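Heads up, model_25.cif below (mmCIF, C-alpha atoms and all ligand atoms):
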```cif
data_my_file
#
loop_
_atom_site.label_atom_id
_atom_site.label_comp_id
_atom_site.auth_asym_id
_atom_site.auth_seq_id
_atom_site.Cartn_x
_atom_site.Cartn_y
_atom_site.Cartn_z
CA MET B 129 0.00 0.00 0.00
CA LYS B 130 2.70 2.42 1.02
CA LEU B 131 4.84 1.52 -1.97
CA ASP B 132 1.88 2.16 -4.26
CA ARG B 133 1.31 5.57 -2.85
CA ARG B 134 5.02 6.37 -3.05
CA THR B 135 5.15 5.25 -6.66
CA PHE B 136 2.12 7.35 -7.48
CA LEU B 137 3.58 10.43 -5.82
CA ALA B 138 6.89 9.97 -7.60
CA SER B 139 5.14 9.78 -10.96
CA ALA B 140 3.04 12.82 -10.08
CA ALA B 141 6.22 14.73 -9.25
CA ALA B 142 7.73 13.68 -12.57
CA PHE B 143 4.58 14.69 -14.43
CA PHE B 144 4.53 18.16 -12.93
CA GLY B 145 8.30 18.49 -13.22
CA GLY B 146 8.33 19.40 -16.89
CA SER B 147 8.89 23.12 -16.43
CA LEU B 148 12.11 24.75 -15.32
CA SER B 149 10.32 27.87 -14.07
CA PRO B 150 10.94 28.64 -10.38
CA ARG B 151 7.26 29.52 -10.19
CA ARG B 152 6.27 25.97 -11.16
CA ALA B 153 6.96 22.64 -9.53
CA THR B 154 10.14 21.04 -10.75
CA ALA B 155 12.05 17.87 -10.07
CA ALA B 156 15.14 19.94 -9.28
CA ALA B 157 17.23 19.28 -6.16
CA LEU B 158 15.66 20.44 -2.91
CA HIS B 159 17.01 23.66 -1.43
CA ARG B 160 18.58 22.99 1.99
CA PHE B 161 20.31 25.40 4.34
CA ARG B 162 21.55 25.73 7.89
CA HIS B 163 19.91 28.41 10.03
CA GLY B 164 21.38 28.76 13.52
CA SER B 165 20.89 25.36 15.16
CA PHE B 166 18.30 24.28 12.57
CA ASP B 167 18.50 22.42 9.29
CA VAL B 168 15.85 23.66 6.87
CA THR B 169 14.76 22.00 3.64
CA VAL B 170 12.31 23.88 1.43
CA LEU B 171 9.81 21.37 0.07
CA SER B 172 7.15 22.11 -2.52
CA ASP B 173 3.53 21.10 -2.71
CA GLY B 174 3.46 22.32 -6.33
CA HIS B 175 1.99 25.46 -7.81
CA PHE B 176 -1.36 26.84 -8.94
CA LYS B 177 -2.82 29.63 -11.05
CA LEU B 178 -3.77 32.94 -9.47
CA PRO B 179 -5.64 35.49 -11.62
CA ALA B 180 -5.03 39.24 -11.63
CA ASP B 181 -8.23 40.01 -9.73
CA ILE B 182 -6.88 37.99 -6.80
CA VAL B 183 -3.19 38.98 -7.02
CA ALA B 184 -3.63 42.71 -7.57
CA PRO B 185 -7.23 43.92 -8.02
CA ASP B 186 -6.07 47.52 -7.47
CA ALA B 187 -3.48 47.46 -10.30
CA MET B 188 -4.18 49.63 -13.34
CA PRO B 189 -4.11 47.60 -16.59
CA ALA B 190 -0.62 48.83 -17.55
CA GLU B 191 0.66 48.06 -14.04
CA TRP B 192 -0.70 44.52 -14.28
CA VAL B 193 1.00 43.98 -17.65
CA ASP B 194 4.33 44.86 -16.03
CA ILE B 195 3.71 42.67 -12.95
CA GLU B 196 2.60 39.69 -15.04
CA LYS B 197 5.68 40.01 -17.24
CA ARG B 198 8.08 40.23 -14.30
CA LEU B 199 6.44 37.16 -12.73
CA GLY B 200 6.51 35.16 -15.97
CA GLY B 201 2.72 34.91 -16.09
CA SER B 202 0.40 34.93 -19.09
CA GLY B 203 -3.26 35.33 -19.98
CA GLY B 204 -4.09 37.42 -16.92
CA ALA B 205 -2.73 34.95 -14.36
CA ILE B 206 0.49 33.98 -12.65
CA ASP B 207 1.75 30.76 -11.10
CA ALA B 208 1.94 30.76 -7.31
CA ARG B 209 4.32 28.30 -5.67
CA CYS B 210 3.61 26.46 -2.43
CA ASN B 211 6.92 26.44 -0.50
CA VAL B 212 6.76 24.30 2.65
CA PRO B 213 9.78 24.39 4.98
CA LEU B 214 10.77 21.22 6.80
CA ILE B 215 12.67 22.28 9.92
CA GLU B 216 14.92 19.84 11.80
CA THR B 217 15.75 20.89 15.35
CA GLY B 218 17.76 17.81 16.30
CA SER B 219 14.88 16.30 18.26
CA GLU B 220 11.91 17.46 16.21
CA LEU B 221 10.78 17.42 12.59
CA ILE B 222 8.51 20.37 11.86
CA LEU B 223 6.47 21.28 8.77
CA VAL B 224 4.99 24.74 8.27
CA ASP B 225 1.71 24.24 6.38
CA LEU B 226 0.50 21.25 4.38
CA GLY B 227 -0.19 22.41 0.82
CA GLY B 228 -3.45 21.79 -0.97
CA GLY B 229 -3.24 18.03 -1.37
CA GLY B 230 -4.36 18.25 -5.02
CA LYS B 231 -7.87 19.12 -3.80
CA PHE B 232 -7.52 22.83 -4.55
CA GLN B 233 -5.91 22.73 -8.00
CA PRO B 234 -4.51 19.57 -9.65
CA THR B 235 -0.98 20.97 -9.95
CA GLU B 236 -0.44 20.78 -6.19
CA GLY B 237 -0.49 17.80 -3.86
CA LEU B 238 3.20 16.91 -4.00
CA LEU B 239 4.14 17.49 -0.36
CA GLU B 240 4.06 13.94 0.96
CA GLY B 241 6.24 12.80 -1.95
CA ALA B 242 8.59 15.71 -1.25
CA VAL B 243 8.91 14.65 2.41
CA LEU B 244 9.89 11.17 1.21
CA SER B 245 12.30 12.64 -1.37
CA SER B 246 13.99 14.63 1.38
CA GLY B 247 14.79 11.36 3.15
CA HIS B 248 12.19 11.59 5.90
CA ASP B 249 9.31 9.39 6.94
CA PRO B 250 5.94 11.18 7.19
CA LEU B 251 5.39 9.22 10.42
CA ALA B 252 8.42 11.02 11.93
CA VAL B 253 6.95 14.54 11.61
CA THR B 254 6.46 15.77 15.20
CA LYS B 255 4.77 19.14 14.60
CA VAL B 256 2.81 20.90 11.89
CA LEU B 257 2.64 24.69 12.31
CA LEU B 258 -0.33 26.05 10.38
CA THR B 259 -0.26 29.69 9.24
CA HIS B 260 -3.97 29.61 8.44
CA ALA B 261 -6.73 27.35 7.15
CA HIS B 262 -7.03 28.34 3.49
CA PRO B 263 -7.18 25.34 1.09
CA ASP B 264 -3.69 25.78 -0.37
CA HIS B 265 -2.20 25.59 3.14
CA LEU B 266 -4.46 23.04 4.84
CA TRP B 267 -6.11 20.67 2.38
CA GLY B 268 -3.01 18.45 2.16
CA MET B 269 -3.98 17.19 5.62
CA LEU B 270 -5.62 13.91 4.54
CA GLY B 271 -4.31 11.24 2.20
CA ALA B 272 -6.41 9.36 -0.36
CA ASP B 273 -7.42 7.00 2.44
CA GLY B 274 -9.02 9.89 4.35
CA LYS B 275 -6.47 9.62 7.16
CA PRO B 276 -3.93 12.28 8.23
CA ARG B 277 -0.70 12.08 6.23
CA PHE B 278 1.32 13.04 9.33
CA PRO B 279 -0.54 11.09 12.03
CA ASN B 280 2.03 11.49 14.81
CA ALA B 281 2.29 15.28 14.64
CA ALA B 282 0.83 17.88 16.96
CA TYR B 283 -0.93 20.63 14.98
CA TYR B 284 -0.51 24.29 15.96
CA ILE B 285 -3.00 26.91 14.80
CA GLY B 286 -4.09 30.38 15.94
CA ALA B 287 -6.99 30.26 18.39
CA PRO B 288 -9.05 32.81 16.39
CA GLU B 289 -8.41 30.78 13.21
CA TRP B 290 -9.76 27.63 14.80
CA ASP B 291 -12.80 29.46 16.21
CA PHE B 292 -13.58 31.16 12.88
CA TRP B 293 -13.48 28.11 10.60
CA MET B 294 -14.78 25.56 13.13
CA ALA B 295 -17.85 27.58 14.16
CA PRO B 296 -20.77 25.12 14.30
CA ASP B 297 -23.13 27.74 12.82
CA TYR B 298 -20.82 28.74 9.95
CA ALA B 299 -23.43 27.90 7.30
CA THR B 300 -25.64 30.72 8.59
CA ALA B 301 -23.03 33.00 10.20
CA MET B 302 -20.48 33.13 7.37
CA PRO B 303 -20.82 34.60 3.84
CA GLU B 304 -21.68 31.89 1.34
CA ALA B 305 -18.48 32.58 -0.63
CA LEU B 306 -16.49 31.13 2.29
CA HIS B 307 -18.59 27.99 2.80
CA ALA B 308 -16.39 25.75 0.61
CA PHE B 309 -13.31 26.85 2.57
CA ALA B 310 -15.14 26.21 5.86
CA ASP B 311 -16.30 22.77 4.67
CA GLY B 312 -12.65 21.86 4.02
CA SER B 313 -11.53 23.26 7.36
CA GLN B 314 -14.17 21.30 9.25
CA ARG B 315 -13.14 18.12 7.40
CA ASP B 316 -9.37 18.56 7.88
CA LEU B 317 -9.14 20.28 11.26
CA GLY B 318 -11.92 18.02 12.54
CA ALA B 319 -9.77 15.00 11.65
CA ILE B 320 -6.94 16.11 13.96
CA ARG B 321 -9.10 17.71 16.66
CA GLU B 322 -7.44 15.62 19.39
CA ARG B 323 -3.96 16.70 18.33
CA VAL B 324 -4.51 20.48 18.06
CA VAL B 325 -2.71 23.12 20.11
CA THR B 326 -4.24 26.60 19.75
CA ILE B 327 -1.74 29.45 19.99
CA LYS B 328 -1.55 33.16 20.72
CA ASP B 329 0.91 35.89 19.75
CA GLY B 330 4.45 35.25 21.00
CA ASP B 331 4.00 31.60 21.94
CA GLU B 332 7.14 29.47 21.66
CA VAL B 333 5.91 26.52 19.59
CA ALA B 334 9.28 24.74 19.62
CA PRO B 335 12.60 25.76 21.18
CA GLY B 336 13.69 28.84 19.17
CA VAL B 337 10.49 29.02 17.09
CA HIS B 338 7.90 31.67 17.97
CA ALA B 339 4.42 32.42 16.65
CA ILE B 340 3.74 35.96 15.39
CA ALA B 341 0.09 37.03 15.06
CA THR B 342 -0.42 38.50 11.56
CA PRO B 343 -4.24 38.74 11.31
CA GLY B 344 -6.27 40.15 8.43
CA HIS B 345 -5.61 37.74 5.57
CA THR B 346 -7.63 35.44 7.83
CA PRO B 347 -8.80 36.17 11.38
CA GLY B 348 -6.19 34.01 13.09
CA HIS B 349 -3.32 34.12 10.62
CA PHE B 350 0.12 33.44 12.12
CA SER B 351 3.68 33.65 10.83
CA TYR B 352 6.57 31.84 12.50
CA ALA B 353 9.96 33.29 13.52
CA VAL B 354 12.93 30.91 13.65
CA SER B 355 15.84 32.14 15.81
CA GLY B 356 19.35 32.29 14.40
CA PRO B 357 22.11 34.77 13.65
CA GLU B 358 19.30 36.64 11.88
CA THR B 359 15.59 35.98 12.32
CA LEU B 360 14.06 33.78 9.65
CA VAL B 361 10.32 34.39 9.28
CA VAL B 362 8.11 31.83 7.57
CA THR B 363 5.53 34.31 6.35
CA GLY B 364 2.46 32.39 5.29
CA ASP B 365 0.11 34.78 3.47
CA VAL B 366 0.83 37.98 5.39
CA VAL B 367 2.76 38.65 2.18
CA THR B 368 1.53 36.74 -0.86
CA ASN B 369 3.61 38.01 -3.75
CA GLU B 370 7.22 39.14 -4.00
CA ILE B 371 6.33 42.13 -6.15
CA VAL B 372 2.86 43.26 -5.12
CA SER B 373 3.12 42.78 -1.34
CA PHE B 374 6.31 44.86 -1.12
CA GLU B 375 6.11 47.42 -3.91
CA HIS B 376 2.40 48.04 -3.30
CA PRO B 377 1.78 47.02 0.33
CA THR B 378 -1.41 49.10 0.52
CA TRP B 379 -3.10 47.35 -2.40
CA ARG B 380 -5.81 44.88 -1.54
CA PHE B 381 -5.28 41.16 -2.06
CA GLY B 382 -8.37 39.40 -3.41
CA ASN B 383 -8.43 36.59 -0.85
CA ASP B 384 -7.93 38.69 2.28
CA THR B 385 -10.83 38.10 4.67
CA ASP B 386 -10.60 41.58 6.23
CA LYS B 387 -8.94 43.74 3.59
CA GLN B 388 -8.23 46.78 5.77
CA ALA B 389 -6.83 44.71 8.65
CA ALA B 390 -4.73 42.72 6.18
CA ILE B 391 -3.26 45.92 4.69
CA ALA B 392 -2.45 47.34 8.14
CA THR B 393 -0.78 44.09 9.24
CA ARG B 394 1.13 43.76 5.96
CA LYS B 395 2.48 47.33 6.13
CA ARG B 396 3.64 46.79 9.71
CA PHE B 397 5.16 43.40 8.89
CA VAL B 398 7.03 44.58 5.78
CA ASP B 399 8.28 47.70 7.56
CA GLN B 400 9.60 45.65 10.50
CA SER B 401 11.12 43.06 8.15
CA ALA B 402 13.15 45.81 6.46
CA ALA B 403 14.12 47.56 9.72
CA ASP B 404 15.12 44.38 11.56
CA ARG B 405 16.74 42.71 8.52
CA PHE B 406 14.54 39.63 8.73
CA ARG B 407 15.18 36.86 6.26
CA LEU B 408 11.81 35.83 4.82
CA LEU B 409 10.57 32.54 3.43
CA GLY B 410 7.50 33.34 1.33
CA TYR B 411 4.99 30.56 0.75
CA HIS B 412 3.89 31.68 -2.71
CA PHE B 413 7.14 33.25 -3.94
CA ALA B 414 9.32 31.71 -6.67
CA TYR B 415 11.09 28.66 -5.19
CA PRO B 416 12.68 28.57 -2.68
CA GLY B 417 11.06 31.83 -1.59
CA LEU B 418 13.98 33.17 0.47
CA GLY B 419 15.13 36.78 0.57
CA ARG B 420 15.19 40.11 2.38
CA VAL B 421 13.26 43.36 2.30
CA GLU B 422 14.73 46.76 1.43
CA ARG B 423 13.17 50.19 1.47
CA ALA B 424 12.60 51.59 -2.03
CA GLY B 425 11.18 55.12 -2.26
CA ASN B 426 7.88 55.21 -0.41
CA ALA B 427 7.54 51.44 -0.49
CA PHE B 428 9.77 48.37 -0.38
CA ARG B 429 11.49 45.80 -2.55
CA PHE B 430 11.98 42.06 -2.03
CA VAL B 431 15.51 40.93 -2.85
CA ALA B 432 15.60 37.20 -3.40
CA ASP B 433 18.64 35.31 -2.14
CA THR B 434 20.99 34.42 -4.96
ZN ZN B 501 -4.38 32.30 2.31
ZN ZN B 502 -1.95 30.90 0.23
#
```
Can you give me the file's structure in the form of structure tokens?
Amino acid sequence: MKLDRRTFLASAAAFFGGSLSPRRATAAALHRFRHGSFDVTVLSDGHFKLPADIVAPDAMPAEWVDIEKRLGGSGGAIDARCNVPLIETGSELILVDLGGGGKFQPTEGLLEGAVLSSGHDPLAVTKVLLTHAHPDHLWGMLGADGKPRFPNAAYYIGAPEWDFWMAPDYATAMPEALHAFADGSQRDLGAIRERVVTIKDGDEVAPGVHAIATPGHTPGHFSYAVSGPETLVVTGDVVTNEIVSFEHPTWRFGNDTDKQAAIATRKRFVDQSAADRFRLLGYHFAYPGLGRVERAGNAFRFVADT
């Protein structure tokens, strides 16, 4: 059974590995680096299409043409990567987010195969740190057998995030546009209910790893700071795009739950990232998503690591 699934995942990785674009899933070697006392491997769950009205609804047509070109997009859409760090502490094996499991768009769902490719057993994952419960971050929770892919992990999630998506009356209390997301959250978070740890701002979720509340994109969105000679921040969707989120931090993002709160949080986060010289790992940036923030005029610029 396990061999079958492994074989399937390997062939799926090969199938989606046809492009050499860093915005699309490739079969290239995994990016690994040392950060303080941690070993980090950037895995990929794949990529998916994001249209202009989600990425940058406030862009003028000419501005979008430029953004699409710089991001290698076409036809009014870009490819968004799903970069999932695997953090080894020496005693723990930690994933930040789970990808979409192929349930969101068919070009994602590669994470479990990537864990195997990195030389680790999914059963050995001790913690999963969730940034938020959107499909492209959560729906990789369950395998084809309907069981959690990482059954021995504890799952960390913001308390407001849990309360928002797990509300028993969501079908009447929540706008209909969010019902499909809530259905998925109830399925996936419900499956690991006994293994959940709800968190608040500043909590140490593993030695040297702290939760940072970054609400607005979703009500209980969290980023995670990993201690080292510099602070590495696994951003989640507080920043969603390496051009738009930095060069136009006050533009709306189409999938932000509370647009004004998301803009305020993003401005604060990007400003602090530049001032404190954070190294960022962006979930949807071109693989591997690592870089730093610089001030540029009245806004900012993301400088990817070379
Ligand atoms: Zn999101
Ligand atoms: Zn996302």
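We find atom CA of B:Leu257 and atom CA of B:Arg323 to be spaced 12.0 Å apart.
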Please, which residues have at least one atom within 8 Å of an atom of ligand ZN 501 (chain B), using all atoms listed in the file, listed as JSON, numbers by chain? {"B": [260, 261, 262, 263, 264, 265, 345, 346, 364, 365, 383, 384]}
Keeping only C-alpha atoms, write the selected residues to a file as a PDB file, keeping the file's coordinate frame.
```pdb
ATOM      1  CA  HIS B 260      -3.970  29.610   8.440  1.00  0.00           C
ATOM      2  CA  ALA B 261      -6.730  27.350   7.150  1.00  0.00           C
ATOM      3  CA  HIS B 262      -7.030  28.340   3.490  1.00  0.00           C
ATOM      4  CA  PRO B 263      -7.180  25.340   1.090  1.00  0.00           C
ATOM      5  CA  ASP B 264      -3.690  25.780  -0.370  1.00  0.00           C
ATOM      6  CA  HIS B 265      -2.200  25.590   3.140  1.00  0.00           C
ATOM      7  CA  HIS B 345      -5.610  37.740   5.570  1.00  0.00           C
ATOM      8  CA  THR B 346      -7.630  35.440   7.830  1.00  0.00           C
ATOM      9  CA  GLY B 364       2.460  32.390   5.290  1.00  0.00           C
ATOM     10  CA  ASP B 365       0.110  34.780   3.470  1.00  0.00           C
ATOM     11  CA  ASN B 383      -8.430  36.590  -0.850  1.00  0.00           C
ATOM     12  CA  ASP B 384      -7.930  38.690   2.280  1.00  0.00           C
TER      13      ASP B 384
END
```
Show me the residues close to (2.5, 24.9, 14.3) - anything with an atom within 6 Å, counting only C-alpha atoms - and format the list as a list in words.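 In the file's frame, the residues around the point are Val256, Leu257, Leu258, Tyr283, Tyr284 and Ile285 of chain B.
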Contacts to ligand ZN 502 (chain B) at 12 Å cut-off (only C-alpha atoms and all ligand atoms) as number ranges by chain: B: 173, 175-178, 182-183, 207-212, 225-228, 232, 258-267, 345-346, 349, 363-369, 381-384, 410-413
Can I get the selection written as a compact mmCIF listing (two decimals), keeping the file's coordinate frame, with C-alpha atoms?
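Result file is selection.txt:
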```
# COMPACT_ATOMS: atom_id res chain seq x y z
CA ASP B 173 3.53 21.10 -2.71
CA HIS B 175 1.99 25.46 -7.81
CA PHE B 176 -1.36 26.84 -8.94
CA LYS B 177 -2.82 29.63 -11.05
CA LEU B 178 -3.77 32.94 -9.47
CA ILE B 182 -6.88 37.99 -6.80
CA VAL B 183 -3.19 38.98 -7.02
CA ASP B 207 1.75 30.76 -11.10
CA ALA B 208 1.94 30.76 -7.31
CA ARG B 209 4.32 28.30 -5.67
CA CYS B 210 3.61 26.46 -2.43
CA ASN B 211 6.92 26.44 -0.50
CA VAL B 212 6.76 24.30 2.65
CA ASP B 225 1.71 24.24 6.38
CA LEU B 226 0.50 21.25 4.38
CA GLY B 227 -0.19 22.41 0.82
CA GLY B 228 -3.45 21.79 -0.97
CA PHE B 232 -7.52 22.83 -4.55
CA LEU B 258 -0.33 26.05 10.38
CA THR B 259 -0.26 29.69 9.24
CA HIS B 260 -3.97 29.61 8.44
CA ALA B 261 -6.73 27.35 7.15
CA HIS B 262 -7.03 28.34 3.49
CA PRO B 263 -7.18 25.34 1.09
CA ASP B 264 -3.69 25.78 -0.37
CA HIS B 265 -2.20 25.59 3.14
CA LEU B 266 -4.46 23.04 4.84
CA TRP B 267 -6.11 20.67 2.38
CA HIS B 345 -5.61 37.74 5.57
CA THR B 346 -7.63 35.44 7.83
CA HIS B 349 -3.32 34.12 10.62
CA THR B 363 5.53 34.31 6.35
CA GLY B 364 2.46 32.39 5.29
CA ASP B 365 0.11 34.78 3.47
CA VAL B 366 0.83 37.98 5.39
CA VAL B 367 2.76 38.65 2.18
CA THR B 368 1.53 36.74 -0.86
CA ASN B 369 3.61 38.01 -3.75
CA PHE B 381 -5.28 41.16 -2.06
CA GLY B 382 -8.37 39.40 -3.41
CA ASN B 383 -8.43 36.59 -0.85
CA ASP B 384 -7.93 38.69 2.28
CA GLY B 410 7.50 33.34 1.33
CA TYR B 411 4.99 30.56 0.75
CA HIS B 412 3.89 31.68 -2.71
CA PHE B 413 7.14 33.25 -3.94
```
For a quick check of your reading of the model, name the residues lying within 8 Å of the coordinate (9.0, 20.0, -3.2), counting only C-alpha atoms, and write them as a short mmCIF file (atom, residue, chain, number, x, y, z; two decimals) with C-alpha atoms, in the coordinates of the input.
```
data_model
loop_
_atom_site.label_atom_id
_atom_site.label_comp_id
_atom_site.auth_asym_id
_atom_site.auth_seq_id
_atom_site.Cartn_x
_atom_site.Cartn_y
_atom_site.Cartn_z
CA ALA B 153 6.96 22.64 -9.53
CA THR B 154 10.14 21.04 -10.75
CA ALA B 155 12.05 17.87 -10.07
CA LEU B 158 15.66 20.44 -2.91
CA VAL B 170 12.31 23.88 1.43
CA LEU B 171 9.81 21.37 0.07
CA SER B 172 7.15 22.11 -2.52
CA ASP B 173 3.53 21.10 -2.71
CA GLY B 174 3.46 22.32 -6.33
CA ASN B 211 6.92 26.44 -0.50
CA VAL B 212 6.76 24.30 2.65
CA LEU B 238 3.20 16.91 -4.00
CA LEU B 239 4.14 17.49 -0.36
CA GLY B 241 6.24 12.80 -1.95
CA ALA B 242 8.59 15.71 -1.25
CA VAL B 243 8.91 14.65 2.41
#
```
